[in-house]
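Okay, data-v6.cif is below, mmCIF, C-alpha atoms:
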```
data_model
#
loop_
_atom_site.label_atom_id
_atom_site.label_comp_id
_atom_site.auth_asym_id
_atom_site.auth_seq_id
_atom_site.Cartn_x
_atom_site.Cartn_y
_atom_site.Cartn_z
CA MET A 580 0.00 0.00 0.00
CA ASN A 581 1.16 3.50 -0.79
CA SER A 582 2.50 4.97 2.43
CA SER A 583 0.47 8.18 2.33
CA LEU A 584 -2.71 6.19 1.71
CA ARG A 585 -1.73 4.00 4.63
CA GLU A 586 -1.20 7.05 6.82
CA ASN A 587 -4.56 8.52 5.85
CA ASP A 588 -6.53 5.31 6.40
CA TRP A 589 -4.91 4.46 9.69
CA ALA A 590 -5.25 7.99 11.05
CA MET A 591 -8.91 8.10 10.01
CA TRP A 592 -9.68 4.74 11.62
CA LEU A 593 -7.94 5.64 14.86
CA ARG A 594 -9.75 8.98 14.96
CA LEU A 595 -13.06 7.16 14.56
CA ALA A 596 -12.00 4.61 17.18
CA MET A 597 -11.21 7.33 19.68
CA ALA A 598 -14.76 8.56 19.18
CA GLY A 599 -16.00 5.09 20.08
CA ASP A 600 -16.27 3.26 16.73
CA ALA A 601 -15.30 -0.35 17.53
CA ASP A 602 -15.41 -1.51 13.88
CA ALA A 603 -13.01 1.20 12.77
CA TYR A 604 -10.80 0.28 15.68
CA ARG A 605 -10.74 -3.38 14.71
CA ARG A 606 -9.80 -2.40 11.15
CA PHE A 607 -7.08 -0.13 12.51
CA LEU A 608 -5.55 -2.82 14.73
CA GLN A 609 -5.71 -5.47 12.02
CA ALA A 610 -4.08 -3.12 9.54
CA ILE A 611 -1.24 -2.03 11.83
CA ALA A 612 -0.37 -5.48 13.20
CA PRO A 613 1.79 -6.42 10.17
CA PHE A 614 3.52 -3.05 10.38
CA VAL A 615 4.23 -3.50 14.09
CA ARG A 616 5.56 -6.99 13.31
CA THR A 617 7.85 -5.51 10.64
CA VAL A 618 9.24 -2.93 13.05
CA VAL A 619 9.85 -5.56 15.73
CA ARG A 620 11.36 -8.11 13.37
CA SER A 621 13.72 -5.62 11.73
CA GLY A 622 14.89 -4.56 15.19
CA CYS A 623 15.60 -8.12 16.26
CA ARG A 624 17.89 -8.79 13.26
CA GLY A 625 17.71 -12.52 13.37
CA SER A 626 17.82 -12.90 17.13
CA GLY A 627 14.57 -14.08 18.62
CA ASN A 628 12.29 -16.78 17.29
CA GLU A 629 8.82 -16.30 15.85
CA SER A 630 7.08 -16.75 19.17
CA GLU A 631 9.35 -14.24 20.95
CA ILE A 632 8.75 -11.71 18.19
CA GLU A 633 5.01 -12.23 18.49
CA ASP A 634 5.27 -11.66 22.27
CA VAL A 635 6.67 -8.20 21.57
CA VAL A 636 4.10 -7.53 18.83
CA GLN A 637 1.27 -8.30 21.25
CA GLU A 638 2.80 -6.22 23.99
CA ALA A 639 3.18 -3.33 21.55
CA LEU A 640 -0.43 -3.64 20.38
CA LEU A 641 -1.63 -3.52 23.97
CA ALA A 642 0.57 -0.46 24.61
CA ILE A 643 -0.81 1.21 21.49
CA HIS A 644 -4.27 0.54 22.87
CA LEU A 645 -3.59 1.80 26.39
CA LYS A 646 -1.59 4.86 25.27
CA ARG A 647 -3.67 5.92 22.27
CA GLY A 648 -4.47 9.17 24.06
CA THR A 649 -0.86 10.25 23.44
CA TRP A 650 -1.41 10.30 19.69
CA ASP A 651 -2.10 13.82 18.54
CA PRO A 652 -4.68 13.59 15.70
CA ALA A 653 -2.99 16.57 14.07
CA ARG A 654 0.19 14.53 13.61
CA PRO A 655 0.93 11.48 11.47
CA VAL A 656 0.03 8.19 13.11
CA VAL A 657 2.66 5.93 11.51
CA PRO A 658 5.69 7.42 13.35
CA TRP A 659 3.68 7.25 16.56
CA ILE A 660 2.95 3.54 16.07
CA ALA A 661 6.58 2.86 15.15
CA ALA A 662 7.81 4.71 18.24
CA VAL A 663 5.57 2.72 20.61
CA ALA A 664 6.66 -0.54 19.00
CA ARG A 665 10.32 0.45 19.23
CA HIS A 666 9.94 1.40 22.88
CA LYS A 667 8.53 -2.03 23.65
CA LEU A 668 11.19 -3.76 21.60
CA ILE A 669 14.05 -1.90 23.31
CA ASP A 670 12.51 -2.75 26.67
CA THR A 671 12.38 -6.44 25.83
CA MET A 672 15.89 -6.56 24.41
CA ARG A 673 17.29 -4.86 27.50
CA ARG A 674 15.50 -7.25 29.76
CA ARG A 675 17.04 -10.16 27.91
CA GLY A 676 20.45 -8.52 27.94
CA ARG A 677 20.70 -8.42 24.18
CA HIS A 678 22.26 -5.86 21.95
CA VAL A 679 19.72 -3.26 20.91
CA SER A 680 19.70 -2.19 17.33
CA VAL A 681 16.48 -0.57 16.38
CA PRO A 682 15.81 1.13 13.06
CA ILE A 683 14.80 4.74 13.10
CA GLU A 684 11.21 5.43 12.20
CA ASP A 685 11.91 6.67 8.69
CA VAL A 686 13.45 3.34 7.78
CA ALA A 687 10.70 1.25 9.38
CA ASP A 688 8.18 3.33 7.51
CA ARG A 689 9.58 2.24 4.15
CA LEU A 690 10.00 -1.46 4.90
CA PRO A 691 7.61 -3.83 3.13
CA LEU A 692 4.88 -5.06 5.40
CA ASP A 693 5.19 -8.47 6.93
CA ASP A 694 1.85 -10.06 6.12
CA THR A 695 2.93 -13.62 6.61
CA ALA A 696 1.89 -14.31 10.15
CA PRO A 697 -1.79 -13.65 10.83
CA GLU A 698 -2.17 -16.92 12.71
CA LEU A 699 0.86 -16.58 14.93
CA SER A 700 0.43 -17.31 18.56
CA ALA A 701 2.40 -16.02 21.53
CA SER A 702 2.80 -17.55 24.94
CA GLU A 703 3.76 -14.66 27.19
CA ILE A 704 0.27 -13.16 27.15
CA ASP A 705 -1.21 -16.46 28.34
CA ARG A 706 1.21 -16.52 31.25
CA LEU A 707 0.20 -12.99 32.21
CA LEU A 708 -3.53 -13.57 31.70
CA ALA A 709 -3.25 -16.39 34.22
CA GLU A 710 -2.20 -13.79 36.80
CA LEU A 711 -5.50 -11.91 36.46
CA LYS A 712 -8.33 -12.59 38.85
CA PRO A 713 -10.21 -15.70 37.63
CA ALA A 714 -13.37 -13.72 36.85
CA GLN A 715 -11.40 -11.16 34.83
CA GLU A 716 -9.52 -13.85 32.98
CA GLU A 717 -12.76 -15.58 32.04
CA ILE A 718 -14.23 -12.38 30.63
CA VAL A 719 -11.07 -11.57 28.68
CA ARG A 720 -10.80 -15.06 27.25
CA SER A 721 -14.44 -15.12 26.27
CA ILE A 722 -14.22 -11.81 24.43
CA SER A 723 -10.98 -12.72 22.70
CA ILE A 724 -12.60 -15.67 20.95
CA GLU A 725 -13.24 -14.59 17.40
CA GLY A 726 -16.78 -13.42 16.86
CA VAL A 727 -17.90 -13.49 20.47
CA SER A 728 -19.29 -10.09 21.35
CA ILE A 729 -19.62 -8.24 24.60
CA ARG A 730 -23.34 -9.02 24.53
CA GLU A 731 -22.82 -12.76 24.19
CA THR A 732 -20.22 -12.72 26.93
CA ALA A 733 -22.58 -10.81 29.17
CA GLY A 734 -25.33 -13.32 28.51
CA ARG A 735 -23.12 -16.28 29.12
CA LEU A 736 -21.68 -14.94 32.38
CA ARG A 737 -25.01 -13.46 33.55
CA MET A 738 -23.61 -9.96 33.76
CA THR A 739 -24.78 -6.66 32.28
CA GLU A 740 -23.00 -5.44 29.12
CA GLY A 741 -21.78 -2.39 31.01
CA ALA A 742 -20.24 -4.56 33.70
CA VAL A 743 -18.47 -6.65 31.06
CA ARG A 744 -17.11 -3.49 29.42
CA VAL A 745 -15.81 -2.14 32.71
CA ALA A 746 -14.27 -5.50 33.63
CA LEU A 747 -12.58 -5.77 30.23
CA HIS A 748 -11.21 -2.24 30.48
CA ARG A 749 -9.78 -2.89 33.94
CA ALA A 750 -8.36 -6.24 32.91
CA LEU A 751 -6.51 -4.65 29.98
CA LYS A 752 -5.01 -1.97 32.21
CA THR A 753 -3.92 -4.64 34.66
CA LEU A 754 -2.45 -6.65 31.82
CA GLY A 755 -0.41 -3.61 30.77
CA ALA A 756 0.89 -3.28 34.33
CA LEU A 757 1.77 -6.99 34.40
CA TYR A 758 3.83 -6.63 31.24
CA ARG A 759 5.62 -3.65 32.74
CA ASP A 760 6.34 -5.22 36.11
CA ARG A 761 7.91 -8.38 34.70
CA LEU A 762 11.11 -6.35 34.73
CA ARG A 763 11.72 -7.03 38.38
CA GLU A 764 11.08 -10.73 38.18
CA ASP A 765 13.52 -11.83 35.52
CA MET B 1139 -3.20 -16.50 22.42
CA LYS B 1140 -3.21 -15.52 18.79
CA THR B 1141 -2.63 -11.92 17.83
CA ASP B 1142 -5.97 -11.84 16.02
CA ASP B 1143 -7.70 -12.82 19.27
CA LEU B 1144 -5.88 -10.09 21.13
CA ILE B 1145 -7.05 -7.60 18.49
CA ALA B 1146 -10.65 -8.77 18.90
CA MET B 1147 -10.30 -8.19 22.60
CA LEU B 1148 -8.78 -4.71 22.25
CA ALA B 1149 -11.40 -3.66 19.67
CA ASN B 1150 -14.11 -4.32 22.24
CA ASP B 1151 -12.48 -1.77 24.51
CA ALA B 1152 -12.69 1.02 21.92
CA GLY B 1153 -14.18 4.11 23.37
CA PRO B 1154 -13.82 7.79 23.91
CA ILE B 1155 -10.49 8.45 25.54
CA ARG B 1156 -9.29 11.70 27.03
CA PRO B 1157 -6.40 13.07 24.93
CA PHE B 1158 -3.11 13.23 26.80
CA ARG B 1159 -2.95 16.96 26.03
CA SER B 1160 -6.01 17.62 28.18
CA VAL B 1161 -4.91 15.15 30.87
CA LEU B 1162 -1.67 17.07 31.29
CA ALA B 1163 -3.41 20.45 31.17
CA LEU B 1164 -5.75 19.26 33.89
CA SER B 1165 -2.92 18.01 36.08
CA PHE B 1166 -1.07 21.30 35.60
CA GLY B 1167 -4.19 23.17 36.74
CA ALA B 1168 -4.47 20.91 39.76
CA ALA B 1169 -0.78 21.48 40.50
CA VAL B 1170 -1.25 25.26 40.58
CA VAL B 1171 -4.33 24.94 42.80
CA ALA B 1172 -2.48 22.61 45.19
CA ALA B 1173 0.39 25.06 45.61
CA ALA B 1174 -2.00 28.03 45.90
CA ILE B 1175 -3.99 26.43 48.70
CA LEU B 1176 -0.90 25.64 50.78
CA PHE B 1177 0.54 29.09 50.08
CA PHE B 1178 -2.51 31.15 51.01
CA VAL B 1179 -3.42 29.02 54.00
CA ALA B 1180 0.02 28.64 55.56
CA ILE B 1181 2.38 31.24 54.11
CA GLY B 1182 0.80 34.26 52.41
CA VAL B 1183 2.26 37.17 50.45
CA ARG B 1184 4.85 39.49 51.98
CA PRO B 1185 3.52 42.47 53.99
CA ASP B 1186 4.66 45.06 51.44
CA PHE B 1187 3.24 43.17 48.48
CA GLN B 1188 1.53 46.25 47.00
CA GLU B 1189 4.75 48.29 46.92
CA ALA B 1190 6.75 45.31 45.71
CA MET B 1191 4.48 45.14 42.65
CA GLN B 1192 6.13 48.39 41.52
CA SER B 1193 9.60 46.84 41.65
CA GLY B 1194 11.20 45.39 38.52
CA ARG B 1195 13.41 43.11 40.59
CA PHE B 1196 10.39 41.62 42.36
CA LEU B 1197 8.41 41.10 39.16
CA PHE B 1198 11.36 39.60 37.32
CA LYS B 1199 11.43 36.69 39.79
CA PHE B 1200 8.09 35.61 38.34
CA VAL B 1201 9.39 35.92 34.80
CA VAL B 1202 12.10 33.39 35.64
CA THR B 1203 9.90 30.97 37.61
CA ALA B 1204 7.10 31.10 35.04
CA ALA B 1205 9.62 30.51 32.25
CA LEU B 1206 10.92 27.47 34.12
CA ALA B 1207 7.44 26.02 34.67
CA SER B 1208 6.26 26.57 31.12
CA THR B 1209 9.39 25.36 29.31
CA ALA B 1210 9.55 22.24 31.49
CA LEU B 1211 5.85 21.59 30.92
CA TRP B 1212 6.24 21.87 27.16
CA SER B 1213 9.36 19.67 27.18
CA VAL B 1214 7.76 16.92 29.23
CA PHE B 1215 4.64 17.09 27.07
CA ARG B 1216 6.73 16.44 23.98
CA LEU B 1217 8.80 13.75 25.66
CA SER B 1218 5.66 11.89 26.72
CA ARG B 1219 4.28 11.48 23.21
CA PRO B 1220 5.96 8.72 21.21
CA GLY B 1221 7.30 9.67 17.82
CA LEU B 1222 8.70 13.01 18.97
CA ALA B 1223 11.39 11.47 21.14
CA ARG B 1224 14.32 12.91 19.24
CA SER B 1225 13.44 16.37 20.39
CA TYR B 1226 15.31 16.27 23.68
CA PRO B 1227 14.58 19.36 25.70
CA GLY B 1228 18.12 20.79 25.84
CA LEU B 1229 17.83 24.16 24.16
CA LEU B 1230 14.37 25.13 25.41
CA MET B 1231 15.34 24.39 29.00
CA MET B 1232 18.14 26.97 28.74
CA LEU B 1233 15.58 29.78 28.63
CA ALA B 1234 14.97 30.24 32.37
CA PRO B 1235 18.69 30.03 33.30
CA ALA B 1236 19.54 32.42 30.47
CA LEU B 1237 16.94 34.96 31.64
CA LEU B 1238 18.28 34.71 35.18
CA LEU B 1239 21.92 35.09 34.14
CA GLY B 1240 20.99 38.11 32.04
CA ALA B 1241 19.28 39.69 35.03
CA VAL B 1242 22.32 38.94 37.20
CA ALA B 1243 24.56 40.69 34.66
CA VAL B 1244 22.33 43.78 34.79
CA GLU B 1245 22.20 43.62 38.60
CA LEU B 1246 26.00 43.61 38.83
CA THR B 1247 26.15 46.89 36.91
CA ARG B 1248 23.38 48.46 39.02
CA ILE B 1249 24.56 47.81 42.57
CA PRO B 1250 27.96 48.63 44.11
CA GLU B 1251 30.42 45.81 44.53
CA GLU B 1252 30.20 45.73 48.33
CA GLN B 1253 26.49 44.87 48.04
CA TRP B 1254 27.07 41.86 45.78
CA LEU B 1255 27.73 39.38 48.55
CA PRO B 1256 24.99 40.57 50.94
CA SER B 1257 22.48 40.50 48.05
CA LEU B 1258 23.53 37.00 47.14
CA ILE B 1259 23.30 35.64 50.67
CA GLY B 1260 20.10 37.53 51.44
CA GLU B 1261 18.01 37.03 54.55
CA ASN B 1262 15.72 34.16 53.66
CA ALA B 1263 17.95 31.44 52.30
CA MET B 1264 16.69 28.80 54.73
CA PHE B 1265 13.05 29.66 54.00
CA CYS B 1266 13.81 29.45 50.30
CA LEU B 1267 15.38 26.01 50.63
CA THR B 1268 12.50 24.62 52.71
CA LEU B 1269 9.42 26.44 51.41
CA ILE B 1270 10.06 25.89 47.70
CA PRO B 1271 10.32 22.09 48.03
CA LEU B 1272 7.34 22.13 50.39
CA LEU B 1273 5.23 24.17 47.97
CA SER B 1274 6.36 21.98 45.09
CA ALA B 1275 5.49 18.60 46.60
CA GLY B 1276 1.77 18.76 45.79
CA PRO B 1277 2.38 20.04 42.26
CA LEU B 1278 4.94 17.28 41.67
CA ALA B 1279 2.38 14.65 42.66
CA CYS B 1280 -0.20 16.19 40.31
CA ILE B 1281 2.15 16.38 37.33
CA LEU B 1282 3.44 12.84 37.85
CA ALA B 1283 -0.13 11.55 38.07
CA GLY B 1284 -0.91 13.20 34.74
CA LEU B 1285 2.26 11.84 33.13
CA ARG B 1286 1.21 8.29 34.00
CA GLN B 1287 -1.29 8.64 31.16
CA GLY B 1288 1.57 9.58 28.87
CA ALA B 1289 4.23 7.41 27.28
CA PRO B 1290 7.60 9.02 28.03
CA SER B 1291 10.53 7.52 26.15
CA ASP B 1292 12.73 8.22 29.18
CA PRO B 1293 10.84 7.87 32.49
CA GLY B 1294 13.65 9.30 34.64
CA LEU B 1295 14.03 12.37 32.45
CA ALA B 1296 10.26 12.86 32.37
CA GLY B 1297 10.18 12.66 36.17
CA ALA B 1298 12.99 15.22 36.44
CA LEU B 1299 11.16 17.57 34.08
CA ALA B 1300 8.02 17.11 36.18
CA GLY B 1301 10.19 18.19 39.12
CA LEU B 1302 11.17 21.34 37.22
CA VAL B 1303 7.53 22.12 36.40
CA ALA B 1304 6.67 21.68 40.08
CA SER B 1305 9.68 23.81 41.13
CA GLY B 1306 8.57 26.57 38.79
CA ILE B 1307 5.09 26.54 40.33
CA GLY B 1308 6.34 26.29 43.91
CA ALA B 1309 8.94 29.02 43.36
CA SER B 1310 6.36 31.33 41.76
CA PHE B 1311 4.35 31.28 44.96
CA TYR B 1312 7.37 31.42 47.22
CA ALA B 1313 8.66 34.47 45.35
CA ALA B 1314 5.51 36.37 46.37
CA ASN B 1315 6.44 35.83 50.00
CA CYS B 1316 10.20 36.29 49.91
CA THR B 1317 11.65 39.78 50.43
CA ASP B 1318 14.95 38.97 48.74
CA ASP B 1319 14.44 40.24 45.21
CA SER B 1320 17.98 40.45 43.86
CA PRO B 1321 18.65 38.15 40.89
CA LEU B 1322 21.84 37.27 42.78
CA PHE B 1323 19.75 35.73 45.55
CA VAL B 1324 17.57 33.90 43.06
CA LEU B 1325 20.68 32.54 41.33
CA ALA B 1326 22.26 31.40 44.59
CA TRP B 1327 19.33 29.65 46.22
CA TYR B 1328 16.43 28.87 43.90
CA PRO B 1329 18.40 26.35 41.85
CA ILE B 1330 19.35 24.41 44.99
CA ALA B 1331 15.70 24.22 46.01
CA ALA B 1332 14.69 23.27 42.47
CA SER B 1333 17.31 20.54 42.28
CA ILE B 1334 15.90 18.89 45.42
CA VAL B 1335 12.48 18.70 43.76
CA THR B 1336 13.97 17.67 40.43
CA GLY B 1337 15.99 14.90 42.02
CA ALA B 1338 12.88 13.61 43.76
CA GLY B 1339 11.01 13.78 40.44
CA PHE B 1340 13.76 11.80 38.72
CA LEU B 1341 13.79 9.05 41.35
CA ILE B 1342 9.99 8.72 41.48
CA GLY B 1343 9.57 9.07 37.73
CA ARG B 1344 12.09 6.36 36.97
CA ARG B 1345 9.83 3.83 38.69
CA LEU B 1346 6.37 5.37 38.32
CA LEU B 1347 6.48 6.46 34.68
CA ARG B 1348 7.67 3.22 33.12
CA TRP B 1349 5.19 1.74 30.69
#
```
Starting from the file, give its structure as structure tokens.
Amino acid sequence: MNSSLRENDWAMWLRLAMAGDADAYRRFLQAIAPFVRTVVRSGCRGSGNESEIEDVVQEALLAIHLKRGTWDPARPVVPWIAAVARHKLIDTMRRRGRHVSVPIEDVADRLPLDDTAPELSASEIDRLLAELKPAQEEIVRSISIEGVSIRETAGRLRMTEGAVRVALHRALKTLGALYRDRLRED
Amino acid sequence: MKTDDLIAMLANDAGPIRPFRSVLALSFGAAVVAAAILFFVAIGVRPDFQEAMQSGRFLFKFVVTAALASTALWSVFRLSRPGLARSYPGLLMMLAPALLLGAVAVELTRIPEEQWLPSLIGENAMFCLTLIPLLSAGPLACILAGLRQGAPSDPGLAGALAGLVASGIGASFYAANCTDDSPLFVLAWYPIAASIVTGAGFLIGRRLLRW
């Protein structure tokens, strides 16, 4: 995709998402995932296997979600996404005591997108999800199953939709904190 | 968990989110209110405040402290938004020191040499060193709380800049109480007070502002 088209689409979708449009947000996240993967992979330069790379991709996507308020809609969104992904990559590399070599945003922006791995799975998130309260974990796991909506989850768990939304929101914030606080453990 | 499943999960948490710009503006407002409450309840303006308002030396103290608060606020705002990280705050943060040094240069030509040292030492050094950090503590907490919604590329640096914002606010109020108006006094003591707050901001920020 032409990079200015990409910029325009992604910025538009994120703007809509920040106004509450969940469909636009899903499109945004699905579209940026290959780009995030490209940034992470090019920073790893051969070190790190597929699953480790996907761990960082998922952590970066969660960070993009939690920190989306720091994107200024008047500025381009691609450098912002690249910067969040790089921050998470550097963090991970440091934690593992590896050499950090991360491309600057201009380079990442011109790399071809890595579309090859839509079905990749990562294990770190499952480890961290297990640290959530059981009720939170159940809600999160239910909603993460493709096609299961908030409404269905609410029905299945006998909760109101609002309560499911609040629980999901809190669980995601907690998950972000769990990613961050791994630093002290290993 | 597959990345597609994670995306499905995140998409369900779409929703209006307060832009970081307004979060930080709000926390800056709260910081000013926090310092103002402590100041007017426990400290208050100097007795000759009305006359002091006619004095250039007195008013210039606020130019320096306001410059410090606003440049640090702008710097930490930029630092906390990913994608702008290369703009380290070096040059902008020279503004307040440069203004102060300029005023000191003028002061040295205005007052006789035997007054240099007494002006520098002043009468309120101990108040300055205790009241500025005290007045800055609440503001520091407010700014740090706001920055937690941000994404600073360097948490320690962001914390230190939060300390400088808080120092600028605390010192602005303190300056309305202090009767030492010479830029020489400001140069000698305010930076020591500010560095206490900045050091605290660095140490707290390094832990609190990681993300």
With a distance cut-off of 12 Å and all atoms listed in the file, select the neighbouring residues of segment 585-589 of chain A, excluding the residue or stretch itself and same-chain residues fewer than 3 positions from it, and output the selection as a ChimeraX atom specification.
-> /A:580-582,592-596,603-612,614,652-660,688-689,692
Can you give me, as a list of chain:residue names, the residues this file yields under the PyMOL selection byres ((chain A and resi 722-724) around 8)?
-> A:Ile718, A:Val719, A:Arg720, A:Ser721, A:Glu725, A:Gly726, A:Val727, A:Ser728, A:Ile729, A:Thr732, B:Asp1143, B:Leu1144, B:Ile1145, B:Ala1146, B:Met1147, B:Asn1150
Given the PyMOL selection byres ((chain B) within 12 of (chain A)), the residues it picks as number ranges by chain = B: 1139-1162, 1215-1224, 1284-1293, 1345-1349
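We find atom CA of Pro1277 of chain B and atom CA of Phe1177 of chain B to be spaced 12.1 Å apart.
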Explicit residue set for the PyMOL selection byres ((chain B and resi 1308) around 8), as a PyMOL selection string = chain B and resi 1173+1270-1274+1277+1304-1307+1309-1312
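For the atom pair formed by atom CA of Arg1184 of chain B and atom CA of Thr1317 of chain B, the distance is 7.0 Å, given to one decimal.
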Considering all atoms listed in the file, state which residue in the set A:Ser621, A:Gln715, A:Ser583, A:Ser630 is at the smallest distance from Ala746 of chain A.
-> A:Gln715
Work out how far atom CA of Ala1313 of chain B is from atom CA of Leu1269 of chain B, in Å to one decimal.
->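 Taking atom CA of Leu1269 of chain B and atom CA of Ala1313 of chain B, their separation equals 10.1 Å.
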Contact residues around Phe1340 of chain B with only C-alpha atoms at 8 Å, ignoring same-chain residues under 3 positions, as a PyMOL selection string | chain B and resi 1293-1299+1301+1336-1337+1343-1344
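Distances here use only C-alpha atoms; by that measure, the residue among B:Ala1314, B:Leu1255, B:Leu1267, B:Ala1283 closest to Ala1332 of chain B is B:Leu1267.
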Just need the box for segment 722-731 of chain A, edges along x, y and z, holding every atom the file lists for it with 3 Å tacked onto each side, so centre and edge lengths in Å to one decimal, as JSON.
```
{"center_x": -17.2, "center_y": -12.0, "center_z": 20.7, "size_x": 18.4, "size_y": 13.4, "size_z": 13.7}
```
Compare A:Arg620, A:Arg674, A:Arg735, A:Lys712 by their minimum atom-to-atom distance to Leu754 of chain A, counting all atoms listed in the file, and give me the closest one.
->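 Ranked by minimum distance to Leu754 of chain A, first place goes to A:Lys712.
Proximity ranking of B:Leu1164, B:Leu1302, B:Met1264, B:Leu1239 relative to Ser1208 of chain B places B:Leu1302 first, based on only C-alpha atoms.
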Selection near Asp1319 of chain B, 9 Å with all atoms listed in the file, sequence-local residues under 6 positions removed, as a ChimeraX atom specification | /B:1193,1195-1199,1257,1260,1313
